[in-house]
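Q: Contents are compact mmCIF, C-alpha atoms and all ligand atoms; file name query.txt:
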```txt
# COMPACT_ATOMS: atom_id res chain seq x y z
CA MET D 30 98.34 96.80 69.53
CA SER D 31 99.07 96.26 73.22
CA PHE D 32 96.22 95.59 75.62
CA SER D 33 98.49 96.70 78.48
CA PHE D 34 101.55 98.96 78.67
CA VAL D 35 102.82 97.36 81.87
CA SER D 36 106.61 97.28 81.94
CA HIS D 37 107.84 95.91 85.28
CA LEU D 38 107.50 95.90 89.08
CA VAL D 39 109.57 98.31 91.13
CA CYS D 40 110.34 98.71 94.83
CA PRO D 41 109.50 102.21 96.12
CA LYS D 42 112.09 101.77 98.93
CA CYS D 43 115.21 100.33 97.30
CA SER D 44 114.35 100.74 93.57
CA LYS D 45 114.98 97.07 92.76
CA THR D 46 112.95 95.94 89.72
CA TYR D 47 111.12 92.68 89.01
CA ASP D 48 109.54 90.91 86.04
CA HIS D 49 105.74 91.26 85.99
CA ASN D 50 105.43 87.97 84.12
CA LYS D 51 106.49 86.07 87.23
CA LEU D 52 104.86 85.73 90.64
CA HIS D 53 106.26 88.13 93.21
CA GLN D 54 105.15 89.18 96.67
CA LEU D 55 107.19 91.71 98.67
CA CYS D 56 110.60 93.05 97.63
CA THR D 57 113.59 91.29 99.20
CA CYS D 58 113.93 94.43 101.38
CA GLY D 59 110.40 93.85 102.77
CA SER D 60 108.65 96.71 100.99
CA PRO D 61 105.52 96.31 98.83
CA LEU D 62 106.17 96.41 95.06
CA LEU D 63 104.47 98.83 92.69
CA VAL D 64 103.64 98.38 89.01
CA ASP D 65 105.27 100.59 86.39
CA TYR D 66 104.06 101.27 82.85
CA ASP D 67 105.76 102.38 79.68
CA LEU D 68 104.10 105.79 79.75
CA GLU D 69 106.45 107.23 77.12
CA ARG D 70 105.23 104.70 74.60
CA LEU D 71 101.61 104.99 75.75
CA LYS D 72 101.76 108.78 75.24
CA GLU D 73 102.24 108.15 71.52
CA GLU D 74 98.96 106.21 71.25
CA ASP D 75 95.92 107.91 69.71
CA VAL D 76 93.66 106.32 72.26
CA ILE D 77 94.63 105.94 75.90
CA ILE D 78 91.21 105.39 77.46
CA ASP D 79 88.93 102.81 75.87
CA GLN D 80 85.74 104.91 75.95
CA ALA D 81 83.61 102.07 74.64
CA ARG D 82 83.98 100.23 77.93
CA ASN D 83 81.90 101.47 80.80
CA ASP D 84 83.79 99.74 83.57
CA LEU D 85 87.31 100.04 84.97
CA TRP D 86 88.72 98.01 82.07
CA ARG D 87 88.40 101.19 80.00
CA TYR D 88 91.87 101.85 81.51
CA HIS D 89 93.24 98.46 80.40
CA LYS D 90 96.35 100.07 78.91
CA LEU D 91 97.18 101.29 82.42
CA LEU D 92 96.41 97.97 84.11
CA PRO D 93 98.76 95.00 84.55
CA VAL D 94 96.75 92.29 82.74
CA THR D 95 98.49 91.77 79.39
CA SER D 96 95.91 89.61 77.66
CA GLU D 97 92.20 90.41 77.47
CA GLU D 98 91.22 86.75 77.77
CA HIS D 99 92.42 86.78 81.40
CA VAL D 100 90.12 89.59 82.46
CA VAL D 101 87.73 88.47 85.20
CA SER D 102 84.95 91.02 85.45
CA LEU D 103 81.57 91.47 87.10
CA GLY D 104 81.10 94.93 85.59
CA GLU D 105 83.02 96.89 88.25
CA GLY D 106 83.88 100.57 87.97
CA MET D 107 82.53 103.86 86.60
CA THR D 108 80.55 104.50 89.76
CA PRO D 109 78.62 107.77 89.96
CA LEU D 110 80.01 111.07 91.16
CA LEU D 111 77.05 112.56 93.01
CA PRO D 112 76.55 116.18 94.01
CA MET D 113 75.61 116.42 97.73
CA PRO D 114 74.17 119.95 97.94
CA GLU D 115 71.98 119.53 101.02
CA LEU D 116 74.60 117.79 103.11
CA GLY D 117 77.12 120.30 101.78
CA ALA D 118 74.95 123.20 102.99
CA GLU D 119 74.80 121.60 106.41
CA LEU D 120 78.59 121.19 106.54
CA GLY D 121 79.26 124.66 105.12
CA ILE D 122 80.79 123.21 101.95
CA GLU D 123 79.17 124.65 98.83
CA SER D 124 80.70 122.22 96.45
CA LEU D 125 80.46 118.77 98.00
CA PHE D 126 80.54 115.54 95.98
CA MET D 127 80.48 111.85 96.73
CA LYS D 128 81.94 109.10 94.61
CA ASP D 129 79.60 106.26 95.43
CA GLU D 130 81.44 102.96 95.50
CA GLY D 131 78.38 101.30 97.00
CA LEU D 132 77.15 100.80 93.44
CA ILE D 133 79.66 98.16 92.53
CA PRO D 134 79.62 94.33 92.46
CA THR D 135 79.93 92.83 96.00
CA GLY D 136 78.79 96.15 97.49
CA SER D 137 82.21 97.60 98.30
CA PHE D 138 85.08 99.14 96.34
CA LYS D 139 87.13 96.06 97.24
CA ALA D 140 85.69 94.70 93.98
CA ARG D 141 88.15 96.93 92.07
CA GLY D 142 91.18 95.43 93.76
CA ALA D 143 89.73 91.94 93.44
CA ALA D 144 88.91 92.29 89.73
CA VAL D 145 92.45 93.33 88.80
CA GLY D 146 94.23 91.21 91.43
CA VAL D 147 92.34 88.04 90.53
CA SER D 148 92.69 88.66 86.78
CA LYS D 149 96.46 89.03 87.09
CA ALA D 150 96.64 85.96 89.38
CA LYS D 151 94.79 84.02 86.71
CA GLU D 152 97.16 85.29 84.03
CA LEU D 153 100.11 84.12 86.13
CA GLY D 154 98.59 80.67 86.60
CA VAL D 155 97.70 80.91 90.31
CA ALA D 156 95.46 78.02 91.41
CA GLN D 157 95.13 78.82 95.11
CA LEU D 158 95.55 81.93 97.21
CA ALA D 159 95.10 83.03 100.81
CA MET D 160 94.34 86.33 102.54
CA PRO D 161 93.34 87.94 105.84
CA THR D 162 90.45 90.41 105.66
CA ASN D 163 88.15 92.64 107.69
CA GLY D 164 85.30 91.26 105.59
CA ASN D 165 84.76 93.19 102.37
CA ALA D 166 88.01 92.19 100.68
CA GLY D 167 87.49 88.54 101.55
CA ALA D 168 83.97 88.65 100.11
CA ALA D 169 85.10 90.39 96.91
CA TRP D 170 88.13 88.18 96.33
CA SER D 171 86.10 85.02 97.02
CA LEU D 172 83.46 85.95 94.46
CA TYR D 173 85.98 86.99 91.79
CA CYS D 174 88.02 83.85 92.51
CA ALA D 175 84.88 81.76 91.99
CA ARG D 176 84.48 83.38 88.58
CA ALA D 177 88.15 82.79 87.77
CA GLY D 178 88.29 79.19 88.98
CA ILE D 179 90.84 79.98 91.72
CA LYS D 180 90.52 78.48 95.19
CA PRO D 181 90.76 81.06 98.01
CA THR D 182 91.43 80.55 101.72
CA ILE D 183 90.10 83.47 103.76
CA VAL D 184 90.69 84.33 107.44
CA MET D 185 88.53 87.07 109.02
CA PRO D 186 87.80 88.35 112.53
CA VAL D 187 84.68 86.81 114.06
CA ASP D 188 83.38 90.37 114.55
CA ALA D 189 83.51 91.27 110.84
CA PRO D 190 80.10 92.14 109.32
CA VAL D 191 78.17 88.87 109.08
CA ILE D 192 77.09 89.46 105.49
CA THR D 193 80.72 89.38 104.32
CA ARG D 194 81.14 85.98 105.99
CA LYS D 195 78.11 84.74 104.04
CA GLU D 196 79.31 86.14 100.71
CA THR D 197 82.66 84.44 101.28
CA ALA D 198 81.26 81.06 102.30
CA ILE D 199 78.53 80.87 99.64
CA SER D 200 81.12 81.32 96.89
CA GLY D 201 82.88 78.14 97.98
CA ALA D 202 85.92 79.73 99.62
CA GLU D 203 87.64 78.03 102.54
CA LEU D 204 86.67 80.39 105.37
CA TYR D 205 88.13 80.63 108.89
CA LEU D 206 86.99 83.03 111.61
CA VAL D 207 89.45 84.22 114.22
CA ASN D 208 88.60 85.53 117.63
CA GLY D 209 90.92 88.53 117.15
CA LEU D 210 91.89 91.34 114.78
CA ILE D 211 92.92 91.44 111.12
CA SER D 212 96.55 91.52 112.33
CA ASP D 213 95.94 88.12 114.00
CA ALA D 214 94.35 86.80 110.80
CA GLY D 215 97.40 88.10 108.92
CA LYS D 216 99.81 86.10 111.06
CA MET D 217 97.77 82.91 110.51
CA VAL D 218 97.77 83.47 106.74
CA ALA D 219 101.51 84.14 106.77
CA ASN D 220 102.08 80.77 108.49
CA LEU D 221 99.86 78.96 106.00
CA VAL D 222 101.62 80.62 103.06
CA LYS D 223 105.01 79.64 104.47
CA GLU D 224 103.99 76.02 105.04
CA GLU D 225 101.99 75.37 101.87
CA GLY D 226 103.42 77.84 99.38
CA LEU D 227 100.07 79.44 98.49
CA TYR D 228 99.96 82.80 96.75
CA ASP D 229 99.67 85.47 99.46
CA ALA D 230 96.97 87.96 98.43
CA SER D 231 97.25 90.06 101.63
CA THR D 232 97.00 93.83 101.19
CA LEU D 233 100.10 95.06 99.32
CA LYS D 234 101.82 91.68 99.60
CA GLU D 235 100.73 91.19 96.00
CA PRO D 236 101.29 94.21 93.74
CA TYR D 237 98.04 94.25 91.74
CA ARG D 238 95.17 95.02 94.10
CA ILE D 239 96.34 98.63 94.25
CA GLU D 240 96.19 98.80 90.44
CA GLY D 241 92.47 98.05 90.60
CA LYS D 242 91.90 100.59 93.36
CA LYS D 243 93.84 103.34 91.56
CA THR D 244 91.12 103.40 88.90
CA MET D 245 89.02 105.40 91.39
CA GLY D 246 91.54 108.18 90.83
CA TYR D 247 91.30 107.98 87.03
CA GLU D 248 87.51 108.02 87.22
CA ILE D 249 87.45 111.01 89.56
CA LEU D 250 89.63 112.95 87.10
CA GLU D 251 87.65 111.86 84.06
CA GLN D 252 84.28 112.53 85.69
CA SER D 253 85.20 115.95 87.05
CA GLY D 254 86.64 117.19 83.74
CA SER D 255 88.28 120.58 84.18
CA GLU D 256 86.82 120.92 87.69
CA THR D 257 89.36 118.82 89.54
CA PRO D 258 88.52 118.48 93.24
CA ASP D 259 90.62 120.55 95.66
CA VAL D 260 90.32 117.97 98.43
CA ILE D 261 89.69 114.20 98.36
CA LEU D 262 88.81 112.47 101.63
CA TYR D 263 89.43 108.75 101.89
CA PRO D 264 88.57 106.32 104.73
CA THR D 265 91.97 104.80 105.41
CA GLY D 266 92.65 101.31 106.71
CA GLY D 267 95.48 99.68 104.79
CA GLY D 268 95.48 102.87 102.72
CA VAL D 269 95.64 101.08 99.38
CA GLY D 270 92.95 103.27 97.87
CA LEU D 271 94.75 106.46 98.87
CA ILE D 272 98.11 105.23 97.58
CA GLY D 273 96.29 104.15 94.41
CA ILE D 274 94.59 107.52 93.88
CA TYR D 275 97.95 109.28 94.30
CA LYS D 276 99.53 106.89 91.78
CA ALA D 277 96.65 107.57 89.36
CA LEU D 278 97.13 111.33 89.67
CA LYS D 279 100.82 111.01 88.85
CA GLU D 280 100.23 108.67 85.91
CA PHE D 281 97.53 110.89 84.39
CA LYS D 282 99.78 113.91 84.87
CA GLU D 283 102.64 112.22 83.06
CA LEU D 284 100.28 111.31 80.22
CA GLY D 285 99.04 114.90 79.96
CA LEU D 286 95.57 113.88 81.11
CA PHE D 287 95.58 115.82 84.38
CA LYS D 288 93.62 119.03 83.79
CA GLY D 289 94.02 120.84 87.11
CA ASN D 290 96.71 123.25 88.31
CA GLN D 291 97.69 121.23 91.31
CA PHE D 292 96.89 117.83 92.75
CA PRO D 293 93.91 117.51 95.07
CA ARG D 294 95.00 117.48 98.74
CA LEU D 295 94.58 113.91 99.90
CA VAL D 296 93.09 113.36 103.34
CA ALA D 297 93.38 110.08 105.25
CA VAL D 298 90.33 109.68 107.48
CA GLN D 299 90.45 107.25 110.40
CA ALA D 300 88.33 106.45 113.45
CA GLU D 301 89.46 107.68 116.88
CA GLY D 302 89.52 104.04 117.98
CA CYS D 303 92.11 103.16 115.32
CA ALA D 304 94.15 106.12 114.10
CA PRO D 305 97.80 105.09 113.57
CA ILE D 306 98.20 107.15 110.38
CA VAL D 307 96.72 110.25 112.04
CA LYS D 308 99.12 109.88 114.97
CA ALA D 309 102.10 109.46 112.63
CA TRP D 310 101.05 112.47 110.55
CA GLU D 311 100.59 114.65 113.66
CA GLU D 312 104.10 113.67 114.76
CA HIS D 313 105.54 114.34 111.27
CA LYS D 314 106.67 110.73 111.01
CA ASN D 315 107.12 108.68 107.85
CA GLU D 316 105.86 105.44 109.39
CA SER D 317 103.13 104.49 111.84
CA GLU D 318 103.19 102.45 115.04
CA PHE D 319 100.94 99.51 115.87
CA TRP D 320 97.65 100.79 117.42
CA GLU D 321 96.80 98.70 120.48
CA ASP D 322 93.22 97.48 121.12
CA SER D 323 91.83 99.12 118.01
CA LYS D 324 88.06 99.35 117.78
CA THR D 325 85.49 100.99 115.48
CA ALA D 326 82.16 100.18 113.85
CA ALA D 327 83.77 101.29 110.58
CA PHE D 328 85.25 97.83 110.20
CA GLY D 329 87.03 98.39 106.89
CA ILE D 330 89.32 100.95 108.52
CA ASN D 331 90.14 98.91 111.63
CA VAL D 332 93.75 98.30 110.62
CA PRO D 333 96.18 98.79 113.55
CA LYS D 334 99.33 98.80 111.39
CA ALA D 335 99.39 99.08 107.61
CA ILE D 336 102.30 97.61 105.66
CA GLY D 337 102.07 100.52 103.18
CA ASP D 338 101.87 103.23 105.86
CA PHE D 339 104.97 105.03 104.51
CA LEU D 340 103.32 105.28 101.08
CA VAL D 341 100.10 106.65 102.58
CA LEU D 342 102.05 109.28 104.51
CA GLU D 343 104.08 110.17 101.43
CA ALA D 344 100.88 110.73 99.42
CA ILE D 345 99.56 113.00 102.19
CA TYR D 346 102.80 115.03 102.51
CA GLU D 347 103.34 115.32 98.73
CA THR D 348 99.84 116.65 98.10
CA GLU D 349 99.80 118.89 101.20
CA GLY D 350 96.93 116.86 102.56
CA CYS D 351 96.35 115.81 106.16
CA ALA D 352 95.05 113.02 108.39
CA VAL D 353 91.98 113.30 110.63
CA ALA D 354 90.31 111.05 113.19
CA VAL D 355 86.58 111.12 113.88
CA SER D 356 84.54 109.66 116.75
CA GLU D 357 81.96 106.87 116.53
CA GLU D 358 79.23 109.44 117.33
CA GLU D 359 80.38 111.67 114.49
CA ILE D 360 80.32 108.71 112.10
CA GLN D 361 76.77 107.75 113.13
CA GLN D 362 75.60 111.33 112.81
CA ALA D 363 77.09 111.73 109.33
CA LEU D 364 75.55 108.41 108.26
CA GLY D 365 72.12 109.63 109.33
CA HIS D 366 72.55 113.02 107.66
CA ALA D 367 73.62 111.47 104.36
CA ALA D 368 70.51 109.29 104.32
CA GLU D 369 68.09 111.95 105.49
CA LEU D 370 69.38 114.88 103.44
CA GLU D 371 70.55 113.14 100.27
CA GLY D 372 68.82 109.74 100.14
CA THR D 373 72.15 107.95 100.23
CA PHE D 374 72.53 104.99 102.58
CA ILE D 375 76.30 104.89 102.92
CA CYS D 376 78.69 102.68 104.89
CA PRO D 377 80.23 103.86 108.20
CA GLU D 378 83.66 104.20 106.54
CA GLY D 379 82.15 106.55 103.94
CA ALA D 380 80.29 108.42 106.67
CA ALA D 381 83.63 109.01 108.42
CA THR D 382 84.81 111.07 105.44
CA PHE D 383 81.83 113.45 105.72
CA ALA D 384 82.40 113.77 109.47
CA ALA D 385 86.04 114.62 108.71
CA ALA D 386 85.03 117.13 106.02
CA LYS D 387 82.92 118.91 108.63
CA LYS D 388 85.85 119.07 111.08
CA LEU D 389 88.23 120.39 108.41
CA ARG D 390 85.72 122.98 107.25
CA ASP D 391 85.10 124.12 110.85
CA LYS D 392 88.86 124.48 111.38
CA GLY D 393 89.24 126.44 108.13
CA TRP D 394 91.54 123.82 106.57
CA ILE D 395 88.89 123.42 103.86
CA GLN D 396 88.28 126.92 102.57
CA PRO D 397 85.06 128.48 101.32
CA GLY D 398 84.34 127.58 97.70
CA GLU D 399 86.72 124.61 97.54
CA ARG D 400 85.54 121.51 95.72
CA VAL D 401 85.45 118.60 98.14
CA LEU D 402 85.07 114.96 97.21
CA CYS D 403 84.28 112.21 99.72
CA LEU D 404 84.69 108.54 98.91
CA ASN D 405 81.86 106.29 100.02
CA THR D 406 83.61 102.95 99.86
CA GLY D 407 80.60 100.66 100.30
CA GLN D 408 76.89 100.04 100.66
CA GLY D 409 75.07 100.93 103.87
CA ILE D 410 73.05 97.75 103.46
CA LYS D 411 76.14 95.64 104.08
CA TYR D 412 76.11 96.82 107.72
CA PRO D 413 72.58 96.12 108.92
CA ASP D 414 73.63 96.10 112.58
CA THR D 415 75.48 99.41 112.60
CA VAL D 416 72.32 101.45 112.31
CA GLU D 417 69.74 101.09 115.05
CA VAL D 418 66.14 102.08 114.50
CA ASP D 419 63.15 101.43 116.70
CA PRO D 420 59.85 101.76 114.83
CA LEU D 421 56.51 101.25 116.60
CA VAL D 422 54.89 97.81 116.13
CA LEU D 423 51.09 97.85 115.84
CA GLN D 424 48.38 95.20 115.84
CA PRO D 425 46.30 94.93 112.63
CA GLY D 426 43.50 97.51 112.73
CA GLU D 427 45.18 99.73 115.32
CA ASP D 428 45.37 103.50 114.72
CA LEU D 429 48.65 104.68 113.22
CA GLN D 430 48.91 107.52 115.79
CA ARG D 431 50.82 109.52 113.21
CA ASN D 432 53.39 111.36 115.14
CA LYS D 433 56.98 111.89 114.21
CA GLU D 434 58.05 110.95 117.73
CA ASN D 435 57.04 107.34 117.04
CA VAL D 436 59.69 106.89 114.39
CA LYS D 437 63.13 107.23 115.87
C1 LIG D 501 88.77 98.07 103.07
C2 LIG D 501 87.87 99.20 103.25
C3 LIG D 501 88.33 100.50 103.47
C4 LIG D 501 89.80 100.83 103.60
O1 LIG D 501 90.47 100.59 102.43
P1 LIG D 501 92.04 100.71 102.28
O2 LIG D 501 92.27 101.07 100.88
O3 LIG D 501 92.61 99.39 102.63
O4 LIG D 501 92.50 101.76 103.24
C5 LIG D 501 87.40 101.52 103.54
N1 LIG D 501 86.08 101.28 103.44
C6 LIG D 501 85.59 100.05 103.25
C7 LIG D 501 84.12 99.86 103.15
C8 LIG D 501 86.46 98.96 103.15
O5 LIG D 501 85.97 97.74 102.95
ZN ZN D 502 113.06 96.93 98.00
```
With the file now loaded, output its structure as structure tokens.
Ligand SMILES: *Cc1c(COP(=O)(O)O)cnc(C)c1O
Ligand SMILES: [Zn+2]
A:
Amino acid sequence: MSFSFVSHLVCPKCSKTYDHNKLHQLCTCGSPLLVDYDLERLKEEDVIIDQARNDLWRYHKLLPVTSEEHVVSLGEGMTPLLPMPELGAELGIESLFMKDEGLIPTGSFKARGAAVGVSKAKELGVAQLAMPTNGNAGAAWSLYCARAGIKPTIVMPVDAPVITRKETAISGAELYLVNGLISDAGKMVANLVKEEGLYDASTLKEPYRIEGKKTMGYEILEQSGSETPDVILYPTGGGVGLIGIYKALKEFKELGLFKGNQFPRLVAVQAEGCAPIVKAWEEHKNESEFWEDSKTAAFGINVPKAIGDFLVLEAIYETEGCAVAVSEEEIQQALGHAAELEGTFICPEGAATFAAAKKLRDKGWIQPGERVLCLNTGQGIKYPDTVEVDPLVLQPGEDLQRNKENVK
């Protein structure tokens, strides 16, 4: 019995194929590589999903790790799909749900990519790797690498959330801060990789991180049963999660596990201060341009140019989705509403998806009665400085002067 039905790596641009038992980065044509499975053979199996496992390894037959002993896990996956009725009422969306990726090891959904990426790196005998990050990926990969016995070198912008710097450093990773953007960190990692021959674990420069992230798509389909969402909103930086969800939809469909009539419309949500995918979509382009001087408090989506942009745009066009930018004020407002109305302290990237849902509902792009699913990609508590509150400080024995005005 096979633990995995992985068959090979394939280039989505030039169709060249590669052996998954060897280390590969990009295709010779420069495109990211994707993982293919022997779905015809898998279809014949009695059991496709390993229901006994309550983490993302329940999909091990659709993951690239061939031997169970190489699995490096901290219990990631099977995060809750929460109804958001109060926030939904406020946004005019009757049927609003949130997949809460805050409830995952390392506090962001980057744990999914790290779990599968690090496990496959271990299987292929990688001893050292390097990557640029906006914070969460570096933290997740460092912690999973520590568990796997792999030595990571991480480069992140000095402005990245401080907690991610601490998670990275405490796990023993070699950490460098750069006074610049993730694109600057990327260039420094590329130089290091070239000089020292380390494994390059940059977004989509290794083919396996996306395989971890695609499990969000499987879970959404499994958890919603016959009530497939009509719209899925995803906070898009490198776009790996969105590409992964689209890949998951197609794989489940081919396996006969997709229960809906049509695919959910996939929406790429970006911040107005960094919206290259939105601009490309508005101009009906298949690739994005570098976004100069990008800036947003939603750090995970501050990616001025994504290497997989053409795949993100393809997923949007193929599902009749769209791309939307939201302002910093709209993000803050949505973050507050989610906490106040639903008791969910979400990350700014997740908040952006609710702000976008509101815009799309107001415009009529989301229609009455449609089922809408927003992805909250991380914990609010990882961004202590994004939310500003100003409670009154009293001396012991002083009157509380109970008055709502005192608590801003
Ligand atoms: C990395 C990140 C994103 C963007 O993920 P991509 O799949 O690279 O687009 C969104 N939210 C958070 C919290 C992140 O850390
Ligand atoms: Zn190619």
Q: Give the residue list for ligand LIG 501 (chain D) at 6 Å, counting all atoms listed in the file, as number ranges by chain, sorted by chain and then by residue number.
A: D: 137, 165, 264-270, 329-330, 378, 406-407
Q: When distances are computed from all atoms listed in the file, which of D:Thr46, D:Thr95, D:Asn220, D:Ser33 shows the smallest separation from ligand ZN 502 (chain D)?
A: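 For ligand ZN 502 (chain D), the nearest of the given residues is D:Thr46.
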Q: Using all atoms listed in the file, determine which residues fall within 12 Å of ligand ZN 502 (chain D), then list them as an MDAnalysis selection string.
A: chainID D and resid 38:47 54:63
Q: Could you check which of D:Gly302, D:Pro161, D:Pro258, D:Pro93 is closest to Cys403 of chain D, using all atoms listed in the file?
A: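 For Cys403 of chain D, the nearest of the given residues is D:Pro258.
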Q: Report the distance between atom CA of Gly131 of chain D and atom CA of Gly241 of chain D in Å, rounded to one decimal place.
A: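 Spanning atom CA of Gly131 of chain D to atom CA of Gly241 of chain D is a straight-line distance of 15.8 Å.
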Q: Here is a test: counting only C-alpha atoms, which residue of D:Ala177, D:Ile133, D:Ala169, D:Ala363 is nearest to Ala150 of chain D?
A: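 So, comparing all the options, the nearest one is D:Ala177.
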Q: Please work out which residues fall within 10 Å of (89.9, 121.3, 104.1), coordinates as given in the file, with all atoms listed in the file counting, and return them as a ChimeraX atom specification.
A: /D:122,259-262,294-296,350-351,385-397,399-401
Q: Which residue, D:Trp170, D:Val100, D:Ala159, D:Leu132, has the smallest gap to Lys223 of chain D when you use only C-alpha atoms?
A: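 Ranked by minimum distance to Lys223 of chain D, first place goes to D:Ala159.
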Q: Atom CA of Val207 of chain D and atom CA of Lys324 of chain D, how far apart in Å?
A: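 These atoms are spaced 15.6 Å apart.
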Q: Using all atoms listed in the file, which of D:Gly246, D:Gly136, D:Lys276, D:Lys151 sits nearest Cys376 of chain D?
A: D:Gly136
Q: Any idea what's packed within 9 Å of Ile192 of chain D, counting only C-alpha atoms, ignoring anything in its chain fewer than 3 positions away? Could you give it as a PDB file with C-alpha atoms, in the frame of the given file?
A:
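Once written, result-v4.pdb looks like this:
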```pdb
ATOM      1  CA  GLY D 164      85.300  91.260 105.590  1.00  0.00           C
ATOM      2  CA  ALA D 168      83.970  88.650 100.110  1.00  0.00           C
ATOM      3  CA  ALA D 189      83.510  91.270 110.840  1.00  0.00           C
ATOM      4  CA  LYS D 195      78.110  84.740 104.040  1.00  0.00           C
ATOM      5  CA  GLU D 196      79.310  86.140 100.710  1.00  0.00           C
ATOM      6  CA  THR D 197      82.660  84.440 101.280  1.00  0.00           C
ATOM      7  CA  LYS D 411      76.140  95.640 104.080  1.00  0.00           C
ATOM      8  CA  TYR D 412      76.110  96.820 107.720  1.00  0.00           C
ATOM      9  CA  PRO D 413      72.580  96.120 108.920  1.00  0.00           C
TER      10      PRO D 413
END
```
Q: Considering all atoms listed in the file, return as a count of residues only whatever protein or nucleic-acid residues lie within 8 Å of segment 66-76 of chain D, sequence-local ones (same chain, fewer than 6 positions apart) excluded.
A: 9
Q: Using all atoms listed in the file - which residues lie no farther than 12 Å from the point (70.0, 111.0, 101.3) in the file's frame? Write them as a list of chain:residue names.
A: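 Those within range, by chain then number, are D:Leu111, D:Pro112, D:Met113, D:Pro114, D:Glu115, D:Leu116, D:Gly117, D:Met127, D:Ala363, D:Leu364, D:Gly365, D:His366, D:Ala367, D:Ala368, D:Glu369, D:Leu370, D:Glu371, D:Gly372, D:Thr373, D:Phe374, D:Ile375, D:Ala380, D:Gly409.
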Q: Between atom CA of Glu318 of chain D and atom CA of Ala143 of chain D, what is the distance in Å, rounded to a tenth?
A: 27.5 Å
Q: Skipping near chain neighbours, those fewer than 3 positions away, what residues fall within 8 Å of Ala230 of chain D using all atoms listed in the file, listed as JSON, numbers by chain?
A: {"D": [158, 159, 160, 233, 234, 235]}
Q: Those selected residues, please, written with C-alpha atoms and delivered as a short mmCIF file (atom, residue, chain, number, x, y, z; two decimals), in the frame of the given file.
A:
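Saved the output as out.cif:
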```cif
data_model
loop_
_atom_site.label_atom_id
_atom_site.label_comp_id
_atom_site.auth_asym_id
_atom_site.auth_seq_id
_atom_site.Cartn_x
_atom_site.Cartn_y
_atom_site.Cartn_z
CA LEU D 158 95.55 81.93 97.21
CA ALA D 159 95.10 83.03 100.81
CA MET D 160 94.34 86.33 102.54
CA LEU D 233 100.10 95.06 99.32
CA LYS D 234 101.82 91.68 99.60
CA GLU D 235 100.73 91.19 96.00
#
```
